[in-house]
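Trainee: Just data_30.cif, nothing more (mmCIF, C-alpha atoms):
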```cif
data_structure
#
loop_
_atom_site.group_PDB
_atom_site.id
_atom_site.type_symbol
_atom_site.label_atom_id
_atom_site.label_comp_id
_atom_site.auth_asym_id
_atom_site.auth_seq_id
_atom_site.Cartn_x
_atom_site.Cartn_y
_atom_site.Cartn_z
ATOM 1 C CA MET A 16 -0.347 34.299 -16.644
ATOM 2 C CA SER A 17 -3.892 33.696 -15.391
ATOM 3 C CA LYS A 18 -7.187 34.248 -17.027
ATOM 4 C CA VAL A 19 -9.395 36.161 -14.567
ATOM 5 C CA ILE A 20 -13.107 35.424 -14.956
ATOM 6 C CA ALA A 21 -15.881 37.276 -13.117
ATOM 7 C CA VAL A 22 -19.250 35.587 -12.596
ATOM 8 C CA VAL A 23 -21.818 38.373 -12.317
ATOM 9 C CA ASN A 24 -25.472 39.299 -12.240
ATOM 10 C CA ASN A 25 -27.066 42.271 -10.500
ATOM 11 C CA LYS A 26 -29.490 39.923 -8.753
ATOM 12 C CA GLY A 27 -28.922 37.316 -6.111
ATOM 13 C CA GLY A 28 -30.131 33.746 -6.309
ATOM 14 C CA VAL A 29 -29.391 33.153 -9.985
ATOM 15 C CA GLY A 30 -26.665 30.535 -9.527
ATOM 16 C CA LYS A 31 -23.458 32.590 -9.662
ATOM 17 C CA THR A 32 -21.858 30.633 -6.829
ATOM 18 C CA THR A 33 -22.889 27.266 -8.253
ATOM 19 C CA LEU A 34 -21.480 28.243 -11.636
ATOM 20 C CA THR A 35 -18.219 29.384 -10.006
ATOM 21 C CA ILE A 36 -17.735 26.111 -8.113
ATOM 22 C CA ASN A 37 -18.658 23.919 -11.080
ATOM 23 C CA LEU A 38 -16.468 25.838 -13.507
ATOM 24 C CA ALA A 39 -13.525 25.656 -11.081
ATOM 25 C CA ALA A 40 -14.010 21.912 -10.523
ATOM 26 C CA THR A 41 -14.206 21.269 -14.272
ATOM 27 C CA LEU A 42 -11.016 23.227 -14.938
ATOM 28 C CA VAL A 43 -9.218 21.343 -12.138
ATOM 29 C CA GLN A 44 -10.271 18.056 -13.760
ATOM 30 C CA GLU A 45 -8.663 19.349 -16.960
ATOM 31 C CA GLY A 46 -5.379 19.729 -15.067
ATOM 32 C CA LYS A 47 -5.540 23.495 -14.563
ATOM 33 C CA LYS A 48 -4.474 25.325 -11.395
ATOM 34 C CA VAL A 49 -7.593 27.221 -10.356
ATOM 35 C CA ALA A 50 -8.374 29.803 -7.697
ATOM 36 C CA MET A 51 -11.841 30.878 -6.623
ATOM 37 C CA LEU A 52 -12.180 34.298 -5.032
ATOM 38 C CA ASP A 53 -15.267 35.025 -2.933
ATOM 39 C CA PHE A 54 -16.085 38.704 -3.395
ATOM 40 C CA ASP A 55 -19.548 38.621 -1.853
ATOM 41 C CA PRO A 56 -20.213 39.812 1.736
ATOM 42 C CA GLN A 57 -22.794 37.006 2.042
ATOM 43 C CA CYS A 58 -19.860 34.562 1.721
ATOM 44 C CA SER A 59 -21.856 32.079 -0.346
ATOM 45 C CA LEU A 60 -18.801 30.674 -2.127
ATOM 46 C CA THR A 61 -16.857 30.275 1.120
ATOM 47 C CA ILE A 62 -19.771 28.511 2.804
ATOM 48 C CA GLY A 63 -20.621 26.513 -0.338
ATOM 49 C CA ALA A 64 -17.042 25.230 -0.486
ATOM 50 C CA GLY A 65 -17.500 23.857 3.035
ATOM 51 C CA TYR A 66 -15.684 26.413 5.193
ATOM 52 C CA LYS A 67 -16.974 27.842 8.466
ATOM 53 C CA LEU A 68 -16.781 31.623 8.669
ATOM 54 C CA ASP A 69 -15.769 31.667 12.328
ATOM 55 C CA GLU A 70 -12.742 29.460 11.571
ATOM 56 C CA LEU A 71 -11.199 31.700 8.896
ATOM 57 C CA THR A 72 -7.943 33.442 9.754
ATOM 58 C CA TYR A 73 -7.416 35.433 6.552
ATOM 59 C CA THR A 74 -9.922 36.714 4.005
ATOM 60 C CA ILE A 75 -10.191 38.975 0.986
ATOM 61 C CA THR A 76 -11.065 41.819 3.369
ATOM 62 C CA ASP A 77 -7.614 41.459 4.964
ATOM 63 C CA VAL A 78 -6.029 41.514 1.509
ATOM 64 C CA LEU A 79 -7.890 44.660 0.479
ATOM 65 C CA ASN A 80 -7.007 46.383 3.762
ATOM 66 C CA ALA A 81 -3.330 45.718 3.063
ATOM 67 C CA VAL A 82 -3.650 47.112 -0.460
ATOM 68 C CA VAL A 83 -5.510 50.238 0.707
ATOM 69 C CA ASN A 84 -2.959 50.891 3.469
ATOM 70 C CA GLY A 85 0.008 50.467 1.146
ATOM 71 C CA LYS A 86 1.187 47.303 2.883
ATOM 72 C CA MET A 87 1.035 44.861 0.001
ATOM 73 C CA GLU A 88 4.308 43.325 1.171
ATOM 74 C CA THR A 89 2.414 41.974 4.194
ATOM 75 C CA ILE A 90 -0.102 40.084 2.060
ATOM 76 C CA LYS A 91 0.326 36.410 2.740
ATOM 77 C CA ASN A 92 -0.389 33.652 0.288
ATOM 78 C CA THR A 93 -3.115 32.166 2.437
ATOM 79 C CA TRP A 94 -5.344 30.662 -0.174
ATOM 80 C CA LEU A 95 -7.266 27.735 1.233
ATOM 81 C CA GLU A 96 -6.751 24.515 -0.705
ATOM 82 C CA HIS A 97 -10.036 22.711 -1.265
ATOM 83 C CA GLU A 98 -10.161 18.913 -1.262
ATOM 84 C CA GLU A 99 -11.275 19.015 -4.924
ATOM 85 C CA GLY A 100 -7.978 20.670 -5.884
ATOM 86 C CA MET A 101 -8.971 24.286 -6.358
ATOM 87 C CA HIS A 102 -7.838 27.143 -4.133
ATOM 88 C CA LEU A 103 -10.145 29.599 -2.360
ATOM 89 C CA MET A 104 -9.687 33.131 -1.088
ATOM 90 C CA PRO A 105 -12.620 33.349 1.314
ATOM 91 C CA ALA A 106 -14.824 36.306 2.110
ATOM 92 C CA ASP A 107 -16.184 37.375 5.445
ATOM 93 C CA LYS A 108 -19.058 39.559 6.562
ATOM 94 C CA ASN A 109 -16.651 42.489 7.130
ATOM 95 C CA LEU A 110 -16.462 42.956 3.370
ATOM 96 C CA VAL A 111 -19.730 44.917 3.397
ATOM 97 C CA GLY A 112 -18.347 47.432 5.924
ATOM 98 C CA PHE A 113 -15.089 47.616 4.056
ATOM 99 C CA GLU A 114 -16.956 48.599 0.909
ATOM 100 C CA SER A 115 -18.322 51.728 2.574
ATOM 101 C CA SER A 116 -14.806 52.733 3.639
ATOM 102 C CA LEU A 117 -13.647 52.424 0.020
ATOM 103 C CA LEU A 118 -15.937 55.267 -1.034
ATOM 104 C CA GLN A 119 -13.473 57.785 0.410
ATOM 105 C CA GLU A 120 -10.371 56.229 -1.186
ATOM 106 C CA TYR A 121 -8.682 57.574 -4.294
ATOM 107 C CA GLY A 122 -8.379 54.847 -6.936
ATOM 108 C CA ARG A 123 -10.913 52.703 -5.062
ATOM 109 C CA GLU A 124 -11.851 50.862 -8.259
ATOM 110 C CA LEU A 125 -8.320 49.468 -8.690
ATOM 111 C CA PHE A 126 -7.619 47.778 -5.344
ATOM 112 C CA LEU A 127 -8.589 44.258 -6.413
ATOM 113 C CA LYS A 128 -6.680 44.593 -9.697
ATOM 114 C CA ARG A 129 -3.537 45.582 -7.782
ATOM 115 C CA TYR A 130 -3.808 42.400 -5.749
ATOM 116 C CA ILE A 131 -4.708 40.152 -8.693
ATOM 117 C CA ASP A 132 -1.692 41.456 -10.612
ATOM 118 C CA THR A 133 0.592 40.165 -7.819
ATOM 119 C CA ILE A 134 -0.804 36.613 -7.905
ATOM 120 C CA LYS A 135 -1.648 36.055 -11.568
ATOM 121 C CA ASP A 136 1.391 33.864 -12.178
ATOM 122 C CA GLN A 137 0.332 31.360 -9.498
ATOM 123 C CA PHE A 138 -2.831 30.132 -11.255
ATOM 124 C CA ASP A 139 -4.127 29.267 -14.710
ATOM 125 C CA TYR A 140 -7.572 30.634 -13.841
ATOM 126 C CA ILE A 141 -8.922 32.932 -11.145
ATOM 127 C CA ILE A 142 -12.709 32.848 -10.955
ATOM 128 C CA ILE A 143 -14.419 35.574 -8.938
ATOM 129 C CA ASP A 144 -17.874 35.065 -7.432
ATOM 130 C CA THR A 145 -19.641 38.404 -6.972
ATOM 131 C CA GLN A 146 -22.532 39.789 -5.014
ATOM 132 C CA GLY A 147 -25.911 40.428 -6.614
ATOM 133 C CA ALA A 148 -25.637 44.206 -6.619
ATOM 134 C CA VAL A 149 -23.953 47.009 -8.513
ATOM 135 C CA SER A 150 -21.364 48.390 -6.111
ATOM 136 C CA VAL A 151 -17.777 49.541 -5.674
ATOM 137 C CA LEU A 152 -16.908 45.886 -5.071
ATOM 138 C CA LEU A 153 -18.398 44.883 -8.425
ATOM 139 C CA ILE A 154 -16.556 47.700 -10.202
ATOM 140 C CA ASN A 155 -13.303 46.372 -8.670
ATOM 141 C CA VAL A 156 -14.093 42.906 -10.019
ATOM 142 C CA LEU A 157 -14.966 44.126 -13.508
ATOM 143 C CA ILE A 158 -11.734 46.113 -13.797
ATOM 144 C CA ALA A 159 -9.627 43.197 -12.498
ATOM 145 C CA SER A 160 -11.206 40.646 -14.862
ATOM 146 C CA ASP A 161 -10.249 39.519 -18.345
ATOM 147 C CA SER A 162 -13.654 37.929 -19.015
ATOM 148 C CA ILE A 163 -17.133 38.218 -17.590
ATOM 149 C CA LEU A 164 -19.734 35.456 -17.365
ATOM 150 C CA ILE A 165 -23.194 36.914 -16.863
ATOM 151 C CA ARG A 166 -25.345 34.286 -15.174
ATOM 152 C CA ILE A 167 -28.968 34.547 -16.271
ATOM 153 C CA ILE A 168 -32.093 32.503 -15.669
ATOM 154 C CA LEU A 169 -34.895 32.595 -18.185
ATOM 155 C CA ALA A 170 -38.403 32.336 -16.843
ATOM 156 C CA ILE A 171 -40.890 31.207 -19.452
ATOM 157 C CA GLN A 172 -44.539 31.481 -18.575
#
```
I'd like the structure from this file rewritten - as structure tokens, please.

Mentor:
Amino acid sequence: MSKVIAVVNNKGGVGKTTLTINLAATLVQEGKKVAMLDFDPQCSLTIGAGYKLDELTYTITDVLNAVVNGKMETIKNTWLEHEEGMHLMPADKNLVGFESSLLQEYGRELFLKRYIDTIKDQFDYIIIDTQGAVSVLLINVLIASDSILIRIILAIQ
């Protein structure tokens, strides 16, 4: 059973993606099976891990669409395997449009948890990189997570 960790802050540019990648790489070096999930429409984790957005065939948006439409049996295990040993579920820019469609859905805050519950046994850790905003997407992440890392930067003047 996985430990699901969300890396959050309600501001962008504070190092959430860097923390996600470094934490995943460290856990892989410790022999753990680690998945990184990009849950940010800016796709920083996907790009930071070296993937090109126009070459992706399956993203978290596809997964969420399957969950919303009651077609979870069609969800493929299409995690990308990074050369460093961790797995990645990429994001795409369609995630921002998908978020607005979630506003009309009953149980909209549980869609990510439903998916995570189906894959928890495949990994020791699932680390979720989030966007720098309070949103329906963030609420999904918080509900699906076991732990939350709040990335902060102190500015001393």

Trainee: If I wrap all listed atoms of region 117-133 of chain A in a box with edges along x, y and z and add 8 Å on each side, what are its centre and edge lengths in Å to one decimal, as JSON?

Mentor:
```
{"center_x": -7.7, "center_y": 49.0, "center_z": -5.1, "size_x": 32.5, "size_y": 33.6, "size_z": 27.0}
```

Trainee: For a quick check of understanding, using all atoms listed in the file, which of A:Met51, A:Ala40, A:Ala81, A:Ile167 has the smallest distance to Lys18 (chain A)?

Mentor: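 Smallest separation from Lys18 (chain A) among the options: A:Met51.
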
Trainee: Given all atoms listed in the file as the basis, pick out the residue of A:Ile62, A:Asp53, A:Val43, A:Ala106 nearest to Thr74 (chain A).

Mentor: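 Using all atoms listed in the file, Thr74 (chain A) sits closest to A:Ala106.
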
Trainee: Rank A:Asp144, A:Glu88, A:Asp77, A:Asp107 by their smallest atom-to-atom distance to Ser160 (chain A), using all atoms listed in the file, and report the top residue only.

Mentor: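 Checking each of A:Asp144, A:Glu88, A:Asp77, A:Asp107 against Ser160 (chain A), counting all atoms listed in the file, the winner is A:Asp144.
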
Trainee: So that I can see what lies close to Ala50 (chain A), please list as a list of chain:residue names the residues with an atom at most 7 Å from it, counting only C-alpha atoms and leaving out residues fewer than 3 positions away in the same chain.

Mentor: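 After dropping sequence-adjacent residues, the list is A:Met101, A:His102, A:Leu103, A:Phe138, A:Tyr140, A:Ile141, A:Ile142.
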
Trainee: Quick one: distance from CA of Ala148 (chain A) to CA of Gly28 (chain A) in Å, one decimal?

Mentor: 11.4 Å
